[in-house]
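Take a look at the structure below.
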Amino acid sequence: MSETTTADERTTHDLADAPAATGERADLLATLAKQRHFLRFTTRDLTDEQAGRRATVSELCLGGLIKHVTAVERNWVGFILDGPSAMGDFTTMTEADWARWADGFRLLPGETLAGVLADYAEVARRTDEMVAALPDLDATQPLPKAPWFEPGGRWSARRVLMHIIAETAQHAGHADIIRESLDGAKSMG
């Protein structure tokens with residue numbers, strides 16, 4: 001594999017024949033799959049316009065939440081495979097970098113709900129393959145530089161997966177509130 005091979009390429013090519021997950025890995029993936037379902041379910045029967053509409057005072061919309069969770073999962077899987085270089089140094093971000101980051105919470109012109117859902121499905125597939133094939137859930141990587149991480153901290157693959165699950169669940173809750181505000185539809189109840 002070349003030095004320039006990305007985590008997405010490695011996951012697609014090297015892990016394509018990954019064994020089925022069992023034990024703890026199967027439990028982690030089942031929990032993540034459930035939270036992914038709740039998040040995606042909030043977008044059922046919506047138009048692109050509805051998926052891009054803000055229903056609260058925040059910038060959040062359903063399409064943007066799907067984009068954000070997709071990026072979070074993709075970046076953290078890259079971290080498991082390649083370490084902090086996959087995420088960059090958050091302490092050096094410029095205003096333009098932060099503006100691009102904020103765009104990850106919005107459905108931008110030209111983006112469609114179907115497109116962001118397809119991207120999310122592909123990232124989920126890659127994550128699931130990686131988890132099944134990963135040699136050791138206890139393997140750690142140093143955290144990237146960011147004001148919200150402890151200096152010198154390290155996270156194991158297991159902790160990263162639990163973080164992805166928590167992030168997905170948190171945003172599924174946000175999405176449920178936004179959907180109910182749009183048209184009264186609920187994920188449960």
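Just so we're on the same page: first chain in the structure tokens is A, next is B, and so on; residues restart at 1 for each chain, and ligands are numbered from 1 in the order they show up.
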
Note to self: Can you tell me, as a list in words, which residues in chain A count as strand (DSSP E or B) by DSSP?
What the structure shows: Thr140, Gln141, Pro142, Arg154, Trp155 and Ser156 of chain A

Please dump the current selection as a PDB file, in the first residue's frame; keep N, CA and C atoms.
ATOM      1  N   THR A 140      -4.252   1.557  20.547  1.00  0.00           N
ATOM      2  CA  THR A 140      -4.499   2.980  20.790  1.00  0.00           C
ATOM      3  C   THR A 140      -3.747   3.837  19.782  1.00  0.00           C
ATOM      4  N   GLN A 141      -4.250   5.049  19.665  1.00  0.00           N
ATOM      5  CA  GLN A 141      -3.609   6.090  18.860  1.00  0.00           C
ATOM      6  C   GLN A 141      -3.589   7.355  19.712  1.00  0.00           C
ATOM      7  N   PRO A 142      -2.566   8.208  19.527  1.00  0.00           N
ATOM      8  CA  PRO A 142      -2.584   9.497  20.230  1.00  0.00           C
ATOM      9  C   PRO A 142      -3.683  10.387  19.654  1.00  0.00           C
ATOM     10  N   ARG A 154      -4.637   9.292  24.659  1.00  0.00           N
ATOM     11  CA  ARG A 154      -4.718   8.231  23.647  1.00  0.00           C
ATOM     12  C   ARG A 154      -6.090   7.574  23.770  1.00  0.00           C
ATOM     13  N   TRP A 155      -6.632   7.166  22.643  1.00  0.00           N
ATOM     14  CA  TRP A 155      -7.891   6.419  22.649  1.00  0.00           C
ATOM     15  C   TRP A 155      -7.691   5.092  21.943  1.00  0.00           C
ATOM     16  N   SER A 156      -8.320   4.081  22.502  1.00  0.00           N
ATOM     17  CA  SER A 156      -8.316   2.766  21.861  1.00  0.00           C
ATOM     18  C   SER A 156      -9.376   2.742  20.763  1.00  0.00           C
TER      19      SER A 156
END

Give me, as JSON lines, each residue of range 121-163 of chain A that comes within 12 Å of range 33-53 of chain A, together with its shortest interatomic pair and the distance in Å at one decimal, counting only C-alpha atoms, with rows ordered by chain and rising residue number.
{"residue": "A:Ala121", "atom": "CA", "partner": "A:Arg36", "partner_atom": "CA", "distance": 9.3}
{"residue": "A:Val123", "atom": "CA", "partner": "A:Arg36", "partner_atom": "CA", "distance": 11.3}
{"residue": "A:Ala124", "atom": "CA", "partner": "A:Ala33", "partner_atom": "CA", "distance": 8.5}
{"residue": "A:Arg125", "atom": "CA", "partner": "A:Ala33", "partner_atom": "CA", "distance": 10.3}
{"residue": "A:Thr127", "atom": "CA", "partner": "A:Ala33", "partner_atom": "CA", "distance": 10.7}
{"residue": "A:Asp128", "atom": "CA", "partner": "A:Ala33", "partner_atom": "CA", "distance": 9.3}
{"residue": "A:Leu161", "atom": "CA", "partner": "A:Ala33", "partner_atom": "CA", "distance": 11.9}
{"residue": "A:Met162", "atom": "CA", "partner": "A:Gln35", "partner_atom": "CA", "distance": 11.8}

Checklist line | helix (DSSP H, G or I) per DSSP on the backbone: members of chain A, as JSON, numbers by chain | finding: {"A": [7, 8, 9, 10, 11, 12, 13, 14, 23, 24, 25, 26, 27, 28, 29, 30, 31, 32, 33, 34, 35, 36, 37, 38, 39, 40, 41, 48, 49, 50, 51, 62, 63, 64, 65, 66, 67, 68, 69, 70, 71, 72, 73, 74, 75, 76, 77, 78, 79, 80, 81, 82, 83, 84, 85, 86, 90, 91, 92, 95, 96, 97, 98, 99, 100, 101, 102, 103, 113, 114, 115, 116, 117, 118, 119, 120, 121, 122, 123, 124, 125, 126, 127, 128, 129, 130, 131, 132, 133, 157, 158, 159, 160, 161, 162, 163, 164, 165, 166, 167, 168, 169, 170, 171, 172, 173, 174, 175, 176, 177, 178, 179, 180, 181, 182, 183]}

Next item on the list: Write out as a list in words which residues come within 10 Å of Val131 in chain A when counting only C-alpha atoms, dropping same-chain ones fewer than 3 positions away.
Entry: Leu15, Ala18, Pro19, Ala20, Ala21, Arg25, Ala26, Leu28, Leu29, Val77, Ile80, Arg126, Thr127, Asp128, Leu134, Pro135, Asp136, Leu137, Ala157, Arg158 and Leu161 of chain A

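Neighbouring residues of Glu167 in chain A at 10 Å or closer, counting only C-alpha atoms and skipping chain neighbours under 2 positions away, are Leu32, Gln35, His68, Val69, Val72, Glu73, Leu161, Met162, His163, Ile164, Ile165, Ala169, Gln170, His171 and Ala172 of chain A.
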